[in-house]
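A.B. asks: The structure under discussion is supplied below as structure tokens; questions concerning it will follow.
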Amino acid sequence: MGVRGLETVVRGRVLAGGDAGFGAASRPWNLAVRQEPVAVVEVADAGDVAAVVRWAGERGLSVAAQTTGHGATGSASGAVLVRTGALDGVEVDPVRRRVRVGAGVSWGRVQEAAAVHGLTGLPGSSPGVGVVGYTLGGGLSWFGRRFGWAADAVRAWEVVDAGGGRARVSAQSDPDLFWALCGGGGDAAVVTGVELELFEAPELYAGAVVWPVERAARVAAAYAEVLAGAPEELSVWWSLHRFPGAEPLVSVQAAFLGSAAVGEKLLAPLASVGGSVRDTLGVLPLTGLGSVSGDPVDPTPGLARTELLTGAVGEWSAALAAEPLDPLFGVQVRGLGGALAGPSATPFGSLTEPFYAYAFGAPVGPGGAGAVRSRLERLFAGVEVSGRKPLTALAGGEPLGRVFSPGVLERLGRIKRERDPRGVVRAAHPVLG
């Protein structure tokens with residue numbers, strides 16, 4: 001179906017297949033994901049979003065929204081892709097400890113605005129990830145052990161419904177839709193903005209320590225010791241790095257919401273390992289949180305697998321470091337617990353597993369994507385997994401039953417059918433097939 005006339009109902013730029021710039025505008029951040037929308041609309045404002053939804057609904061088309069496409073799954077193919085970059089407002093209310101964020105804003109900008117007031121949001125590892133998409137998927141933060149899911153910090157959503165109407169949705173005004181959006185994936189409305197609670201963060205002690213891979217067993221033991229005594233204010237992640245042309249390395253990344261003096265004591269077991277090649281632990285501004293794990297900034301192709309682990313990981317991580325990881329580039333293990341394991345009003349609920357493990361590679365070189373997928377399968381064969389996954393860790397095509405319980409999935413499906421019977425809104429992980 002053509003898109004003739006779409007440009008007459010919006011102020012933003014409209015691109016269709018064959019137009020100059022269409023390829024770049026439709027490409028997600030993860031270059032390994034192919035998406036072929038029927039058109040791309042770089043909306044100028046929320047009014048444009050509403051106009052696109054109405055236009056698409058009248059023609060039997062769907063609408064998919066993206067800021068960066070970090071979590072793209074290919075579901076935007078055949079839909080009108082709405083790029084929300086121009087919805088870039090950030091408004092902090094330091095008295096109420098709230099921030100209103102447009103759908104085009106990344107976490108780095110929120111941290112910049114909040115840090116001025118000694119406040120923080122609940123960002124993940126990369127400052128370039130969009131706030132809205134991350135939060136619609138639940139949002140696993142550096143500070144999750146202290147404050148829980150990022151979605152639990154939502155106080156209101158600004159949405160365009162499947163009919164093109166605009167609304168501000170809270171737990172009081174529309175409990176069902178509010179709940180579905182707080183980690184349920186955003187399949188029942190297009191989000192144009194979100195209001196989030198902010199948290200006091202007067203001090204941050206954070207950074208990474210890196211060692212040659214030969215010290216992996218000692219690092220694993222020190223990592224376990226740190227976790228055993230970690231308060232909720234401390235998050236500690238273990239990583240194995242094997243980038244092409246570089247020596248393999250192991251590292252521990254940490255973020256502590258507290259003083260340097262206390263942070264140093266909590267992380268003292270890391271110093272006992274000895275032989276580090278880099279140590280960046282120190283007082284860090286909240287705006288520097290994205291530097292701790294050093295996630296890639298530029299768009300890149302990648303295939304990944306995430307699992308929630310149910311037992312200790314010391315022997316498994318040491319074994320990984322002792323064998324070839326090719327064609328994977330890295331493995332990361334995040335210690336969970338704390339507030340993440342407590343009560344949560346999100347569709348996912350409590351994250352009771354003790355560890356989150358993530359492994360990734362690029363589908364290039366001998367064997368391509370098949371070789372990466374095969375190695376990912378073998379990697380996780382050596383450790384016990386729960387079978388559950390956070391929504392943002394779900395690969396395209398994996399069943400939502402790995403994320404949500406049957407009762408939750410039924411409720412999400414009911415809300416989708418009631419709010420969007422024609423399937424106008426399309427999320428990265430649709431709750432209805």
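Ordered as shown in the structure tokens, chains take letters A, B, and onward, while each chain numbers its residues from 1 and ligands are numbered from 1 in the order shown.
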Among range 55-255 of chain A, which residues does DSSP mark as strand (DSSP E or B) when it is run on the backbone? Keep the chain and numbering as in the structure and answer as a ChimeraX atom specification.
C.D. replies: /A:63-66,80-83,90-93,98-102,106,119-120,130,154-160,166-169,190-197,199-200,205-212,234-241,249-255
A.B. asks: Quick one: residues within 7 Å of range 40-44 of chain A, only C-alpha atoms counted, chain neighbours fewer than 3 positions away excluded, as a VMD selection string?
C.D. replies: chain A and resid 11 to 16 25 to 26 37 48 to 49 80 to 84 86
A.B. asks: Which is closer to Tyr134 in chain A than all the others in A:Leu376, A:Leu257, A:Val236, A:Leu391, using only C-alpha atoms?
C.D. replies: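 The shortest atom-to-atom distance to Tyr134 in chain A comes from A:Leu391.
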A.B. asks: For the atom pair CA of Gly288 in chain A and CA of Ala362 in chain A, what is the interatomic distance in Å to one decimal place?
C.D. replies: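 Distance reported for this atom pair: 26.8 Å.
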A.B. asks: I'd like the contact shell of Gly275 in chain A - 9 Å cut-off, only C-alpha atoms, skipping same-chain residues fewer than 6 positions apart - returned as a CSV table (one decimal) with C-alpha atoms, in the first residue's frame.
C.D. replies:
chain,number,residue,atom,x,y,z
A,210,VAL,CA,40.5,-4.8,34.4
A,211,TRP,CA,42.9,-7.8,34.6
A,212,PRO,CA,44.6,-10.1,32.2
A,215,ARG,CA,43.6,-13.9,36.7
A.B. asks: From range 91-269 of chain A, collect each residue whose DSSP state is helix (DSSP H, G or I) and return the set as JSON, numbers by chain.
C.D. replies: {"A": [107, 108, 109, 110, 111, 112, 113, 114, 115, 131, 132, 133, 134, 135, 136, 144, 145, 146, 147, 150, 151, 152, 153, 175, 176, 177, 178, 179, 180, 181, 213, 214, 215, 216, 217, 218, 219, 220, 221, 222, 223, 224, 225, 226, 227, 228, 260, 261, 262, 263, 264, 265, 266, 268, 269]}
A.B. asks: Export, as a PDB file, in the first residue's frame, the selected residues with C-alpha atoms.
C.D. replies:
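Writing done, so here's part-v8.pdb:
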ATOM      1  CA  TRP A 107      19.233   8.569  29.324  1.00  0.00           C
ATOM      2  CA  GLY A 108      22.344  10.710  29.048  1.00  0.00           C
ATOM      3  CA  ARG A 109      20.232  13.856  28.771  1.00  0.00           C
ATOM      4  CA  VAL A 110      18.094  12.932  31.756  1.00  0.00           C
ATOM      5  CA  GLN A 111      21.164  12.361  33.886  1.00  0.00           C
ATOM      6  CA  GLU A 112      22.597  15.725  32.852  1.00  0.00           C
ATOM      7  CA  ALA A 113      19.405  17.538  33.821  1.00  0.00           C
ATOM      8  CA  ALA A 114      18.870  15.658  37.094  1.00  0.00           C
ATOM      9  CA  ALA A 115      22.476  15.725  38.322  1.00  0.00           C
ATOM     10  CA  VAL A 131      14.252   6.474  28.042  1.00  0.00           C
ATOM     11  CA  VAL A 132      10.786   5.525  26.793  1.00  0.00           C
ATOM     12  CA  GLY A 133      11.646   2.271  25.025  1.00  0.00           C
ATOM     13  CA  TYR A 134      13.847   1.167  27.922  1.00  0.00           C
ATOM     14  CA  THR A 135      11.114   1.878  30.476  1.00  0.00           C
ATOM     15  CA  LEU A 136       8.366   0.241  28.421  1.00  0.00           C
ATOM     16  CA  GLY A 144      17.928  -1.307  40.406  1.00  0.00           C
ATOM     17  CA  ARG A 145      19.196  -3.099  43.525  1.00  0.00           C
ATOM     18  CA  ARG A 146      18.317   0.026  45.490  1.00  0.00           C
ATOM     19  CA  PHE A 147      15.177   1.275  43.720  1.00  0.00           C
ATOM     20  CA  ALA A 150      12.754   1.774  36.151  1.00  0.00           C
ATOM     21  CA  ALA A 151       9.107   1.113  35.253  1.00  0.00           C
ATOM     22  CA  ASP A 152       8.239   1.188  38.951  1.00  0.00           C
ATOM     23  CA  ALA A 153       9.361   4.838  38.951  1.00  0.00           C
ATOM     24  CA  PRO A 175      -5.075   1.673  35.839  1.00  0.00           C
ATOM     25  CA  ASP A 176      -5.141  -1.016  33.133  1.00  0.00           C
ATOM     26  CA  LEU A 177      -3.288   0.931  30.446  1.00  0.00           C
ATOM     27  CA  PHE A 178      -0.846   2.403  32.951  1.00  0.00           C
ATOM     28  CA  TRP A 179       0.017  -1.084  34.220  1.00  0.00           C
ATOM     29  CA  ALA A 180       0.382  -2.500  30.705  1.00  0.00           C
ATOM     30  CA  LEU A 181       2.841   0.219  29.715  1.00  0.00           C
ATOM     31  CA  VAL A 213      42.448 -13.234  31.616  1.00  0.00           C
ATOM     32  CA  GLU A 214      44.993 -15.361  33.496  1.00  0.00           C
ATOM     33  CA  ARG A 215      43.640 -13.905  36.731  1.00  0.00           C
ATOM     34  CA  ALA A 216      40.055 -14.896  35.958  1.00  0.00           C
ATOM     35  CA  ALA A 217      39.731 -17.428  38.788  1.00  0.00           C
ATOM     36  CA  ARG A 218      40.944 -14.911  41.379  1.00  0.00           C
ATOM     37  CA  VAL A 219      38.658 -12.250  39.939  1.00  0.00           C
ATOM     38  CA  ALA A 220      35.670 -14.606  40.119  1.00  0.00           C
ATOM     39  CA  ALA A 221      36.404 -15.324  43.798  1.00  0.00           C
ATOM     40  CA  ALA A 222      36.788 -11.630  44.606  1.00  0.00           C
ATOM     41  CA  TYR A 223      33.584 -10.823  42.729  1.00  0.00           C
ATOM     42  CA  ALA A 224      31.672 -13.396  44.784  1.00  0.00           C
ATOM     43  CA  GLU A 225      33.123 -11.963  48.000  1.00  0.00           C
ATOM     44  CA  VAL A 226      32.072  -8.419  47.089  1.00  0.00           C
ATOM     45  CA  LEU A 227      28.553  -9.544  46.238  1.00  0.00           C
ATOM     46  CA  ALA A 228      28.196 -11.433  49.503  1.00  0.00           C
ATOM     47  CA  ALA A 260      34.327   6.900  48.293  1.00  0.00           C
ATOM     48  CA  ALA A 261      35.475   5.818  51.756  1.00  0.00           C
ATOM     49  CA  VAL A 262      32.664   3.285  52.119  1.00  0.00           C
ATOM     50  CA  GLY A 263      32.904   2.242  48.467  1.00  0.00           C
ATOM     51  CA  GLU A 264      36.584   1.453  48.794  1.00  0.00           C
ATOM     52  CA  LYS A 265      35.912  -0.806  51.793  1.00  0.00           C
ATOM     53  CA  LEU A 266      33.102  -2.639  50.032  1.00  0.00           C
ATOM     54  CA  ALA A 268      38.468  -4.051  48.828  1.00  0.00           C
ATOM     55  CA  PRO A 269      38.468  -7.731  47.682  1.00  0.00           C
TER      56      PRO A 269
END
A.B. asks: Looking at only C-alpha atoms, which of A:Val364, A:Val250, A:Ala51, A:Val3 is the one that sits closest to Ala318 in chain A?
C.D. replies: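 For Ala318 in chain A, the nearest of the candidates is A:Val250.
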A.B. asks: If I take CA of Thr287 in chain A and CA of Asp88 in chain A, how far is one from the other in Å, to one decimal?
C.D. replies: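 Distance between the two atoms: 17.9 Å.
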A.B. asks: Check the smallest atom-to-atom distance from each of A:Ser276, A:Ser317, A:Ser126, A:Thr352 to Phe380 in chain A using only C-alpha atoms, then report the winner.
C.D. replies: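 Using only C-alpha atoms, Phe380 in chain A sits closest to A:Ser317.
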A.B. asks: When distances are computed from only C-alpha atoms, which of A:Asp187, A:Gly342, A:Asp93, A:Gln253 shows the smallest separation from Leu432 in chain A?
C.D. replies: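 The shortest atom-to-atom distance to Leu432 in chain A comes from A:Asp187.
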A.B. asks: What does the distance between CA of Leu249 in chain A and CA of Leu140 in chain A come to in Å, to one decimal place?
C.D. replies: 24.9 Å
A.B. asks: Using only C-alpha atoms, which residues sit within 10 Å of Gly69 in chain A once same-chain residues fewer than 4 positions away are excluded, as a PyMOL selection string?
C.D. replies: chain A and resi 26-31+33+65+73-74+83+129-130+133+299+428
A.B. asks: Output C-alpha atoms for every residue in that selection, as a PDB file, in the first residue's frame.
C.D. replies:
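Dumped everything to part_1.pdb:
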ATOM      1  CA  SER A  26      14.552   3.286   8.705  1.00  0.00           C
ATOM      2  CA  ARG A  27      17.703   1.608  10.016  1.00  0.00           C
ATOM      3  CA  PRO A  28      17.725   0.665  13.733  1.00  0.00           C
ATOM      4  CA  TRP A  29      20.726   1.089  16.034  1.00  0.00           C
ATOM      5  CA  ASN A  30      21.298  -2.683  15.957  1.00  0.00           C
ATOM      6  CA  LEU A  31      22.380  -3.095  12.350  1.00  0.00           C
ATOM      7  CA  VAL A  33      18.072  -6.285  12.584  1.00  0.00           C
ATOM      8  CA  ALA A  65       7.563   4.027  17.211  1.00  0.00           C
ATOM      9  CA  THR A  73      13.248  -6.803  16.591  1.00  0.00           C
ATOM     10  CA  GLY A  74      12.143  -6.267  12.993  1.00  0.00           C
ATOM     11  CA  ARG A  83      10.862   8.401  14.621  1.00  0.00           C
ATOM     12  CA  VAL A 129      19.476   4.298  25.002  1.00  0.00           C
ATOM     13  CA  GLY A 130      16.063   5.968  24.735  1.00  0.00           C
ATOM     14  CA  GLY A 133      11.646   2.271  25.025  1.00  0.00           C
ATOM     15  CA  PRO A 299      25.314   1.722  15.598  1.00  0.00           C
ATOM     16  CA  ALA A 428       8.750  -4.623  19.354  1.00  0.00           C
TER      17      ALA A 428
END
A.B. asks: Just the residues within 12 Å of Leu284 in chain A, please, counting only C-alpha atoms, with nothing from its chain fewer than 6 positions along; format it as a PyMOL selection string.
C.D. replies: chain A and resi 115+201-208+254-260+263+290-292
A.B. asks: Given the selection you just returned, output its residues as a file containing N, CA and C atoms, formatted as an mmCIF file, in the first residue's frame.
C.D. replies:
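Produced file again.cif, reproduced below:
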data_model
loop_
_atom_site.group_PDB
_atom_site.id
_atom_site.type_symbol
_atom_site.label_atom_id
_atom_site.label_comp_id
_atom_site.auth_asym_id
_atom_site.auth_seq_id
_atom_site.Cartn_x
_atom_site.Cartn_y
_atom_site.Cartn_z
ATOM 1 N N ALA A 115 21.272 15.647 37.490
ATOM 2 C CA ALA A 115 22.476 15.725 38.322
ATOM 3 C C ALA A 115 22.701 17.118 38.888
ATOM 4 N N ALA A 201 20.895 11.370 45.057
ATOM 5 C CA ALA A 201 22.177 10.714 44.801
ATOM 6 C C ALA A 201 23.301 11.717 45.065
ATOM 7 N N PRO A 202 23.545 12.031 46.329
ATOM 8 C CA PRO A 202 24.559 13.041 46.634
ATOM 9 C C PRO A 202 25.970 12.633 46.259
ATOM 10 N N GLU A 203 26.272 11.300 46.252
ATOM 11 C CA GLU A 203 27.612 10.835 45.921
ATOM 12 C C GLU A 203 27.526 9.557 45.101
ATOM 13 N N LEU A 204 28.490 9.389 44.191
ATOM 14 C CA LEU A 204 28.591 8.178 43.389
ATOM 15 C C LEU A 204 30.056 7.760 43.301
ATOM 16 N N TYR A 205 30.327 6.534 43.735
ATOM 17 C CA TYR A 205 31.658 5.947 43.623
ATOM 18 C C TYR A 205 31.539 4.805 42.617
ATOM 19 N N ALA A 206 32.252 4.905 41.498
ATOM 20 C CA ALA A 206 32.027 3.934 40.423
ATOM 21 C C ALA A 206 33.259 3.824 39.541
ATOM 22 N N GLY A 207 33.247 2.803 38.708
ATOM 23 C CA GLY A 207 34.336 2.587 37.769
ATOM 24 C C GLY A 207 34.522 1.117 37.479
ATOM 25 N N ALA A 208 35.655 0.784 36.867
ATOM 26 C CA ALA A 208 35.940 -0.595 36.479
ATOM 27 C C ALA A 208 37.391 -0.935 36.783
ATOM 28 N N ALA A 254 31.545 -1.473 38.804
ATOM 29 C CA ALA A 254 30.792 -1.233 40.035
ATOM 30 C C ALA A 254 30.221 0.179 40.053
ATOM 31 N N ALA A 255 29.075 0.323 40.699
ATOM 32 C CA ALA A 255 28.474 1.636 40.944
ATOM 33 C C ALA A 255 27.878 1.619 42.342
ATOM 34 N N PHE A 256 28.356 2.540 43.173
ATOM 35 C CA PHE A 256 27.915 2.606 44.567
ATOM 36 C C PHE A 256 27.342 3.976 44.851
ATOM 37 N N LEU A 257 26.102 4.014 45.296
ATOM 38 C CA LEU A 257 25.466 5.272 45.679
ATOM 39 C C LEU A 257 25.855 5.587 47.119
ATOM 40 N N GLY A 258 27.053 6.144 47.265
ATOM 41 C CA GLY A 258 27.576 6.447 48.590
ATOM 42 C C GLY A 258 28.969 7.034 48.473
ATOM 43 N N SER A 259 29.630 7.189 49.602
ATOM 44 C CA SER A 259 30.924 7.863 49.646
ATOM 45 C C SER A 259 32.052 6.979 49.126
ATOM 46 N N ALA A 260 33.146 7.626 48.743
ATOM 47 C CA ALA A 260 34.327 6.900 48.293
ATOM 48 C C ALA A 260 34.903 6.050 49.412
ATOM 49 N N GLY A 263 32.767 3.007 49.701
ATOM 50 C CA GLY A 263 32.904 2.242 48.467
ATOM 51 C C GLY A 263 34.211 1.479 48.390
ATOM 52 N N GLY A 290 27.613 6.345 32.301
ATOM 53 C CA GLY A 290 27.689 5.569 31.067
ATOM 54 C C GLY A 290 29.081 5.100 30.712
ATOM 55 N N SER A 291 30.105 5.707 31.325
ATOM 56 C CA SER A 291 31.484 5.315 31.016
ATOM 57 C C SER A 291 31.907 4.048 31.750
ATOM 58 N N VAL A 292 31.154 3.625 32.757
ATOM 59 C CA VAL A 292 31.587 2.513 33.608
ATOM 60 C C VAL A 292 31.703 1.221 32.820
#
A.B. asks: Between A:Ala319, A:Leu6, A:Leu336, A:Ala72, which has the minimum distance to Leu303 in chain A (counting only C-alpha atoms)?
C.D. replies: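 Between A:Ala319, A:Leu6, A:Leu336, A:Ala72, the residue approaching Leu303 in chain A most closely is A:Ala72.
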A.B. asks: Could you check the closest approach to Leu328 in chain A for each of A:Glu36, A:Glu307, A:Glu377, A:Glu315 and tell me which residue wins, using only C-alpha atoms?
C.D. replies: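 That would be A:Glu377, the residue with the smallest distance to Leu328 in chain A.
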A.B. asks: With only C-alpha atoms as the counted atoms, please give the residues lying no more than 8 Å from Ser344 in chain A, apart from itself and same-chain residues fewer than 6 positions off, as JSON, numbers by chain.
C.D. replies: {"A": [148, 149, 152, 350]}
A.B. asks: Just N, CA, C and O atoms for this one: save the residues we selected as a compact mmCIF listing (two decimals), in the first residue's frame.
C.D. replies:
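Output file part.txt is given in full below:
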# COMPACT_ATOMS: atom_id res chain seq x y z
N GLY A 148 14.68 -0.74 42.39
CA GLY A 148 13.82 -1.61 41.60
C GLY A 148 13.82 -1.26 40.12
O GLY A 148 14.69 -0.56 39.61
N TRP A 149 12.84 -1.80 39.42
CA TRP A 149 12.69 -1.56 37.98
C TRP A 149 12.48 -0.07 37.70
O TRP A 149 11.82 0.63 38.46
N ASP A 152 8.90 0.92 37.68
CA ASP A 152 8.24 1.19 38.95
C ASP A 152 8.35 2.66 39.34
O ASP A 152 7.65 3.09 40.27
N SER A 350 8.54 -9.46 40.38
CA SER A 350 9.82 -9.53 41.09
C SER A 350 10.87 -10.28 40.26
O SER A 350 10.57 -11.29 39.63
A.B. asks: Can you list, as number ranges by chain, every protein, DNA or RNA residue that comes within 12 Å of Arg59 in chain A when you count only C-alpha atoms, leaving out same-chain residues fewer than 6 positions away?
C.D. replies: A: 1-6, 52-53, 79-80, 422-424
